[in-house]
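Listing of structure_37.cif, mmCIF, C-alpha atoms
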```cif
data_query
#
loop_
_atom_site.label_atom_id
_atom_site.label_comp_id
_atom_site.auth_asym_id
_atom_site.auth_seq_id
_atom_site.Cartn_x
_atom_site.Cartn_y
_atom_site.Cartn_z
CA MET A 1 133.45 50.09 83.56
CA PRO A 2 135.42 51.99 86.21
CA ARG A 3 133.31 54.07 88.60
CA SER A 4 135.26 57.27 87.84
CA LEU A 5 134.39 56.94 84.14
CA LEU A 6 130.72 56.54 84.99
CA ILE A 7 130.80 59.72 87.11
CA LEU A 8 132.58 61.58 84.29
CA LEU A 9 129.95 60.48 81.75
CA ALA A 10 127.11 61.45 84.10
CA SER A 11 128.70 64.88 84.64
CA LEU A 12 129.08 65.42 80.90
CA ALA A 13 125.42 64.45 80.34
CA LEU A 14 124.34 66.93 83.02
CA VAL A 15 126.38 69.74 81.47
CA GLY A 16 124.96 68.87 78.05
CA CYS A 17 121.39 69.07 79.35
CA ASN A 18 121.97 72.52 80.79
CA GLY A 19 122.58 74.00 77.34
CA ARG A 20 125.19 76.45 76.12
CA SER A 21 124.67 80.11 76.85
CA GLU A 22 126.02 83.22 75.19
CA ARG A 23 125.35 86.93 75.61
CA ALA A 24 123.29 88.49 72.84
CA GLY A 25 125.68 91.44 72.57
CA GLY A 26 124.76 95.09 72.67
CA GLY A 27 124.59 95.81 68.95
CA LEU A 28 125.81 99.28 68.08
CA LEU A 29 125.71 100.45 71.67
CA ALA A 30 126.13 98.37 74.79
CA THR A 31 122.82 99.55 76.20
CA SER A 32 120.34 97.84 78.45
CA GLN A 33 118.15 95.33 76.59
CA GLN A 34 114.71 94.08 77.58
CA ALA A 35 111.75 91.98 76.40
CA PRO A 36 113.64 89.60 74.06
CA ALA A 37 111.69 87.85 71.29
CA LEU A 38 113.10 85.18 68.99
CA SER A 39 111.69 84.44 65.56
CA GLY A 40 110.31 80.95 65.06
CA SER A 41 113.40 80.04 63.05
CA GLY A 42 115.71 81.28 65.82
CA GLU A 43 117.55 83.45 63.26
CA TRP A 44 116.23 86.83 64.46
CA LEU A 45 116.12 88.50 67.86
CA ALA A 46 114.07 91.60 68.71
CA VAL A 47 114.72 93.48 71.95
CA VAL A 48 113.71 96.81 73.43
CA SER A 49 116.77 98.96 74.03
CA ASP A 50 117.29 102.55 75.07
CA HIS A 51 117.91 105.01 72.23
CA GLY A 52 118.40 108.55 73.50
CA GLY A 53 116.15 107.87 76.47
CA ARG A 54 113.41 106.34 74.31
CA PRO A 55 112.71 102.59 74.57
CA THR A 56 112.94 101.40 70.94
CA VAL A 57 112.64 98.01 69.26
CA GLN A 58 115.95 96.77 67.84
CA LEU A 59 116.12 93.84 65.44
CA ARG A 60 119.23 91.71 65.10
CA ARG A 61 120.22 88.88 62.77
CA LEU A 62 121.87 86.34 65.04
CA SER A 63 123.98 84.61 62.38
CA ASP A 64 126.26 87.65 62.05
CA GLY A 65 125.08 89.89 64.92
CA SER A 66 124.11 92.70 62.56
CA VAL A 67 121.45 95.20 63.58
CA VAL A 68 118.76 95.56 60.92
CA SER A 69 116.86 98.79 60.56
CA VAL A 70 113.06 98.77 60.87
CA PRO A 71 112.08 102.20 59.50
CA GLN A 72 108.40 101.72 60.39
CA LEU A 73 109.39 101.57 64.06
CA SER A 74 111.69 104.60 64.15
CA ARG A 75 108.90 106.68 65.76
CA HIS A 76 106.03 106.33 68.23
CA GLN A 77 108.19 105.42 71.23
CA PRO A 78 108.13 104.08 73.86
CA HIS A 79 107.97 100.63 72.25
CA SER A 80 107.30 97.46 74.21
CA SER A 81 106.60 93.73 73.82
CA PRO A 82 108.12 92.95 70.39
CA SER A 83 107.19 89.63 68.76
CA LEU A 84 108.40 88.04 65.50
CA SER A 85 106.94 85.64 62.95
CA TRP A 86 108.75 82.50 61.81
CA ASN A 87 111.22 84.03 59.31
CA GLY A 88 111.18 87.50 60.86
CA ARG A 89 109.07 88.92 58.04
CA TYR A 90 106.54 90.34 60.50
CA LEU A 91 107.49 92.26 63.64
CA ALA A 92 104.68 93.15 66.05
CA ALA A 93 105.10 95.61 68.91
CA ILE A 94 103.18 98.03 71.12
CA THR A 95 103.73 101.70 70.25
CA GLN A 96 102.58 105.06 71.61
CA ARG A 97 100.06 107.27 69.76
CA GLY A 98 99.33 110.37 71.77
CA ARG A 99 97.98 109.17 75.08
CA ARG A 100 97.07 105.72 73.78
CA ARG A 101 99.03 102.51 73.34
CA LEU A 102 98.59 100.87 69.94
CA ALA A 103 99.64 97.40 68.79
CA VAL A 104 101.07 97.32 65.26
CA VAL A 105 102.41 94.66 62.92
CA THR A 106 105.11 95.72 60.46
CA ASP A 107 105.67 93.77 57.26
CA ARG A 108 109.40 94.00 56.55
CA LEU A 109 108.91 92.56 53.06
CA ASN A 110 106.80 95.42 51.69
CA GLY A 111 107.34 98.10 54.34
CA ARG A 112 103.69 98.27 55.38
CA MET A 113 102.54 98.83 58.92
CA HIS A 114 99.20 97.45 60.11
CA PRO A 115 97.69 99.11 63.21
CA LEU A 116 95.59 96.82 65.40
CA PRO A 117 93.18 99.07 67.31
CA LEU A 118 91.25 97.30 70.05
CA PRO A 119 87.47 97.56 70.26
CA GLY A 120 86.23 99.56 73.21
CA GLY A 121 89.24 101.87 73.21
CA ARG A 122 91.26 99.55 75.42
CA ASP A 123 95.07 99.67 75.51
CA PRO A 124 97.29 96.62 74.92
CA VAL A 125 99.77 95.67 77.65
CA GLN A 126 101.62 92.76 76.04
CA LEU A 127 101.35 90.78 72.81
CA SER A 128 102.45 87.59 71.10
CA LEU A 129 102.34 87.01 67.34
CA ALA A 130 101.81 83.43 66.17
CA PRO A 131 104.84 82.10 64.23
CA ASP A 132 102.79 81.97 61.00
CA ALA A 133 101.41 85.49 61.71
CA GLN A 134 97.84 84.31 61.23
CA GLN A 135 96.76 85.36 64.71
CA ILE A 136 97.93 87.51 67.59
CA ALA A 137 97.30 87.30 71.34
CA LEU A 138 96.92 90.61 73.16
CA GLN A 139 96.94 91.15 76.90
CA VAL A 140 94.56 93.99 77.78
CA THR A 141 93.18 95.56 80.93
CA ASP A 142 89.44 95.06 81.25
CA GLN A 143 87.51 96.28 84.32
CA GLY A 144 90.62 96.15 86.47
CA ARG A 145 91.62 92.65 85.34
CA TRP A 146 94.06 91.35 82.80
CA ARG A 147 92.58 89.49 79.85
CA VAL A 148 94.12 87.79 76.87
CA GLU A 149 92.28 88.21 73.58
CA LEU A 150 92.97 86.63 70.21
CA LEU A 151 92.69 88.43 66.88
CA ASP A 152 92.55 86.60 63.57
CA LEU A 153 94.99 88.20 61.10
CA SER A 154 94.48 85.76 58.22
CA ASP A 155 92.59 88.34 56.10
CA LEU A 156 95.31 90.91 56.74
CA LEU A 157 98.65 89.09 56.46
CA GLU A 158 100.12 86.39 54.25
CA PRO A 159 101.36 83.41 56.28
CA ASP A 160 105.07 83.34 57.20
CA ARG A 161 105.74 79.61 57.35
CA PRO A 162 108.91 77.60 57.95
CA PRO A 163 110.78 76.92 54.68
CA GLY A 164 109.77 73.62 53.13
CA GLN A 165 106.51 73.30 55.05
CA SER A 166 103.82 71.86 52.83
CA LEU A 167 100.77 73.95 52.10
CA SER A 168 97.23 72.65 52.10
CA THR A 169 97.01 72.80 48.32
CA PRO A 170 94.96 69.92 46.91
CA ALA A 171 97.03 67.25 45.16
CA LEU A 172 97.00 67.37 41.39
CA SER A 173 94.94 64.62 39.91
CA SER A 174 96.62 62.31 37.41
CA GLU A 175 93.31 61.91 35.65
CA PRO A 176 92.77 64.21 32.63
CA MET B 1 76.57 115.79 41.85
CA ILE B 2 75.51 112.23 41.12
CA ARG B 3 79.07 111.44 40.02
CA VAL B 4 80.48 112.85 43.27
CA ALA B 5 78.00 110.81 45.32
CA LEU B 6 78.89 107.70 43.33
CA LEU B 7 82.61 108.27 43.84
CA PHE B 8 82.09 108.89 47.55
CA SER B 9 80.12 105.68 47.98
CA LEU B 10 82.76 103.74 46.05
CA VAL B 11 85.48 105.09 48.36
CA LEU B 12 83.30 104.22 51.37
CA VAL B 13 82.67 100.67 50.16
CA SER B 14 86.35 100.05 49.42
CA ALA B 15 87.35 101.40 52.85
CA CYS B 16 84.79 99.20 54.58
CA SER B 17 85.85 96.09 52.70
CA SER B 18 89.61 96.47 53.38
CA PRO B 19 90.94 93.51 55.35
CA ARG B 20 90.87 93.96 59.11
CA PRO B 21 91.88 91.93 62.14
CA THR B 22 88.87 90.09 63.50
CA PRO B 23 88.31 89.01 67.11
CA ARG B 24 87.86 85.30 67.87
CA PRO B 25 84.72 85.50 70.06
CA ASP B 26 84.56 81.72 70.60
CA LEU B 27 88.11 81.47 71.95
CA ASN B 28 88.00 84.82 73.74
CA GLY B 29 84.92 83.69 75.66
CA LEU B 30 86.74 80.52 76.70
CA LEU B 31 89.83 82.50 77.79
CA ARG B 32 87.65 84.85 79.85
CA GLN B 33 85.55 82.17 81.55
CA SER B 34 88.19 79.88 82.92
CA VAL B 35 90.19 82.30 85.11
CA ASN B 36 89.85 85.53 87.12
CA SER B 37 92.77 87.14 85.31
CA ARG B 38 95.14 86.15 82.50
CA ARG B 39 98.43 87.70 81.35
CA GLY B 40 101.76 87.05 79.59
CA PRO B 41 100.49 85.37 76.40
CA SER B 42 102.82 83.28 74.21
CA LEU B 43 101.49 81.85 70.93
CA GLY B 44 103.12 78.84 69.35
CA GLY B 45 101.01 77.83 66.36
CA ARG B 46 97.90 76.15 67.74
CA TRP B 47 99.15 76.52 71.33
CA LEU B 48 98.58 79.43 73.70
CA ALA B 49 100.60 79.56 76.91
CA SER B 50 99.74 82.21 79.50
CA LEU B 51 99.65 82.88 83.23
CA GLY B 52 96.13 82.43 84.57
CA GLN B 53 94.99 83.40 88.04
CA ARG B 54 92.38 81.34 89.83
CA ASN B 55 91.53 81.46 93.56
CA GLY B 56 94.29 84.00 94.11
CA ARG B 57 97.00 81.78 92.67
CA GLU B 58 98.74 82.21 89.34
CA ARG B 59 99.59 79.16 87.21
CA VAL B 60 101.11 78.42 83.83
CA GLU B 61 98.35 77.28 81.48
CA LEU B 62 98.58 75.79 78.01
CA ILE B 63 95.53 75.81 75.76
CA ASP B 64 95.16 73.82 72.54
CA LEU B 65 93.40 76.39 70.35
CA ARG B 66 92.36 73.73 67.84
CA SER B 67 90.46 71.59 70.33
CA ARG B 68 89.72 74.64 72.55
CA SER B 69 90.77 72.76 75.64
CA PRO B 70 93.43 73.20 78.36
CA VAL B 71 96.37 70.79 78.26
CA PRO B 72 97.48 69.14 81.54
CA LEU B 73 101.00 70.13 82.65
CA PRO B 74 101.84 67.59 85.38
CA GLY B 75 104.85 68.56 87.46
CA LEU B 76 105.02 72.17 86.32
CA ASN B 77 102.83 74.25 88.63
CA ARG B 78 104.37 73.54 92.02
CA ALA B 79 102.61 74.97 95.08
CA ASP B 80 105.77 76.86 96.12
CA ALA B 81 106.44 78.45 92.70
CA GLN B 82 105.15 81.76 91.36
CA PRO B 83 105.45 82.07 87.54
CA ILE B 84 106.67 85.35 86.07
CA SER B 85 107.06 84.71 82.33
CA VAL B 86 106.31 81.81 79.96
CA SER B 87 107.09 80.96 76.33
CA VAL B 88 105.99 77.93 74.29
CA SER B 89 107.62 76.22 71.29
CA ALA B 90 105.71 75.93 68.00
CA ASP B 91 104.83 72.26 68.59
CA GLY B 92 103.64 72.94 72.15
CA GLN B 93 106.07 70.37 73.55
CA ARG B 94 108.46 72.71 75.37
CA LEU B 95 107.72 75.57 77.75
CA ALA B 96 110.35 77.93 79.13
CA VAL B 97 109.28 79.49 82.42
CA VAL B 98 110.75 82.14 84.69
CA GLN B 99 109.47 81.51 88.19
CA GLN B 100 110.08 82.60 91.75
CA ARG B 101 110.66 79.79 94.19
CA GLU B 102 112.12 79.77 97.71
CA ASP B 103 113.20 83.42 97.53
CA ARG B 104 115.04 83.00 94.25
CA THR B 105 114.06 83.61 90.64
CA GLU B 106 114.94 80.76 88.28
CA LEU B 107 114.68 79.80 84.64
CA VAL B 108 113.32 76.33 83.92
CA LEU B 109 112.50 74.26 80.86
CA TYR B 110 109.46 72.00 80.94
CA ARG B 111 109.18 69.12 78.46
CA ARG B 112 105.68 67.76 78.10
CA ASN B 113 106.82 64.36 76.89
CA VAL B 114 108.65 63.69 80.15
CA GLY B 115 106.42 65.83 82.38
CA ALA B 116 109.33 67.33 84.30
CA THR B 117 111.10 70.66 84.72
CA GLN B 118 114.82 71.19 84.39
CA ARG B 119 116.54 74.24 85.89
CA LEU B 120 118.67 76.21 83.41
CA PRO B 121 121.54 77.95 85.19
CA LEU B 122 122.59 81.44 84.05
CA ASP B 123 126.27 82.03 83.37
CA PRO B 124 127.35 84.45 84.76
CA PRO B 125 124.65 84.36 87.42
CA GLY B 126 121.81 86.86 87.23
CA VAL B 127 118.10 87.28 87.87
CA PRO B 128 115.91 86.23 84.89
CA ARG B 129 112.78 88.20 84.03
CA SER B 130 111.33 87.60 80.54
CA VAL B 131 111.84 84.56 78.30
CA SER B 132 111.33 83.66 74.62
CA LEU B 133 111.73 80.25 72.93
CA ASP B 134 112.20 79.81 69.19
CA GLY B 135 109.83 77.58 67.22
CA SER B 136 111.84 74.41 67.73
CA GLY B 137 112.28 75.02 71.45
CA ARG B 138 116.05 74.53 71.00
CA ARG B 139 117.05 78.17 71.36
CA LEU B 140 116.05 80.51 74.14
CA ALA B 141 116.48 84.25 74.81
CA VAL B 142 116.11 85.50 78.35
CA GLN B 143 116.23 88.97 79.89
CA VAL B 144 118.59 88.91 82.86
CA SER B 145 119.35 91.51 85.52
CA ARG B 146 123.09 91.81 86.24
CA ASN B 147 124.89 94.56 88.11
CA GLY B 148 121.96 96.94 87.82
CA ARG B 149 121.35 96.58 84.08
CA TRP B 150 119.33 94.32 81.80
CA ASP B 151 121.16 91.89 79.52
CA VAL B 152 119.76 89.38 77.04
CA ASP B 153 121.31 85.90 77.15
CA LEU B 154 120.94 83.33 74.38
CA ILE B 155 120.91 79.67 75.40
CA ARG B 156 121.09 76.68 73.07
CA LEU B 157 119.23 73.66 74.39
CA PRO B 158 119.78 70.01 73.55
#
```

So that I can check it, write out the structure of this file as structure tokens.
Amino acid sequence: MPRSLLILLASLALVGCNGRSERAGGGLLATSQQAPALSGSGEWLAVVSDHGGRPTVQLRRLSDGSVVSVPQLSRHQPHSSPSLSWNGRYLAAITQRGRRRLAVVTDRLNGRMHPLPLPGGRDPVQLSLAPDAQQIALQVTDQGRWRVELLDLSDLLEPDRPPGQSLSTPALSSEP
Amino acid sequence: MIRVALLFSLVLVSACSSPRPTPRPDLNGLLRQSVNSRRGPSLGGRWLASLGQRNGRERVELIDLRSRSPVPLPGLNRADAQPISVSVSADGQRLAVVQQREDRTELVLYRRNVGATQRLPLDPPGVPRSVSLDGSGRRLAVQVSRNGRWDVDLIRLP
């Protein structure tokens, strides 16, 4: 094989490994966007963008670029640290309530919002929702240090699993 | 009066029994013990990636929540690199990391099966800050500073 062809193939492999990039787009307004969070499926993107001077979570469907309204998060700005479940059913974020920061999980299927107050009156700094929404990790400040704490949400939220994933339902017996 | 008291206690019982988030004391104790400080959590199913500080140095750490044990990440935490943001895929195999190294901030992808990092160039160039992987680890969103404003870039990975 000629040496030039080998170099060409190696270059193509290198370019392929680097991935293809695209800009997420500005949605309705080409505003600054921060703290991106992809859903587990990769179909949804949440960002924090500036709306009238108030940092607000914006949710976008990546297949067509459309911005999807999240009425539960139209208030309590500034928002920060959005995080999505696998199919984008649940959107978690940190909101403002008076002088306190409060983590919430919104269920876009039924419109409910679940506040997640922290014991000890501590404020969340950053969060990450598990793809199946059965637990959440919260970064908090505790005695001048950052900690990460896990909360079990399995009593609160239905799982949001990838389509086609098998559930742990016992197999039906063929015996009568 | 008795009816009112009965109604009140019923309301109280139903309020107390409504489902609530519950702390995981076993795992939270483990997360607190192992480092001086921990930040930037990223949950991918049974995997928790975060930035843990020990002896004044911050490192990317991956914890298997099922076995409650840290997972070795050979080749990731270089002595000359300071991590800024981390995100883990749902199977725990891929970690996207924004790190500062030799006076520049870079975005890298770490694959556990090969134990090596790969730099992901930004096009057009910019300074990455915060990163998020999707569940498969094949799509990535990164916050990038360009010309004094924050953009979000999407990158498809092979």

Could you list, as a PyMOL selection string, the residues of chain B having an atom within 9 Å of chain A when counting only C-alpha atoms? chain B and resi 18-25+27-29+31-32+36-46+48+50+89-90+118-123+129-144+149-158

Within 7 Å of region 98-111 of chain A, counting only C-alpha atoms, which residues show up once you throw out same-chain ones fewer than 4 positions away? Write them as number ranges by chain, please. A: 72, 89-94, 115-117, 123-124

Contacts of region 98-106 of chain B at 7 Å (only C-alpha atoms; same-chain gap of 4+ positions) as a PyMOL selection string: chain B and resi 80-86+127-131

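Of the residues listed (B:Pro74, B:Ala79, B:Leu95, B:Gly148), B:Pro74 shows the shortest atom-to-atom separation from Ala116 (chain B); distances use all atoms listed in the file.
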
To verify the selection step, state as a PyMOL selection string which residues the PyMOL selection byres ((chain B and resi 110) around 10) yields on this input. chain B and resi 73-76+88+93-97+108-109+111-119

Run the PyMOL selection byres ((chain A and resi 70) around 8) against the file shown and list the residues it catches, as a ChimeraX atom specification. /A:58-59,68-69,71-74,108

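Coordinates place CA of Arg61 (chain A) at a distance of 25.9 Å from CA of Trp47 (chain B).
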
Which one is closest to Ser34 (chain B): B:Gly56, B:Gly92, B:Pro124, B:Pro70? Count all atoms listed in the file.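 Among B:Gly56, B:Gly92, B:Pro124, B:Pro70, it is B:Pro70 that comes nearest to Ser34 (chain B).
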
Taking all atoms listed in the file into account, which of B:Leu30, B:Asn77, B:Val71, B:Pro125 comes nearest Glu58 (chain B)?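 Closest candidate: B:Asn77.
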
In Å, rounded to a single decimal, give me how far CA of Val35 (chain B) is from CA of Arg57 (chain B).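 About the pair CA of Arg57 (chain B) and CA of Val35 (chain B): they are 10.2 Å apart.
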
What does the structure give for the distance between CA of Pro55 (chain A) and CA of Ser80 (chain A), in Å to one decimal?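 If I compute the distance from CA of Pro55 (chain A) to CA of Ser80 (chain A), I get 7.5 Å.
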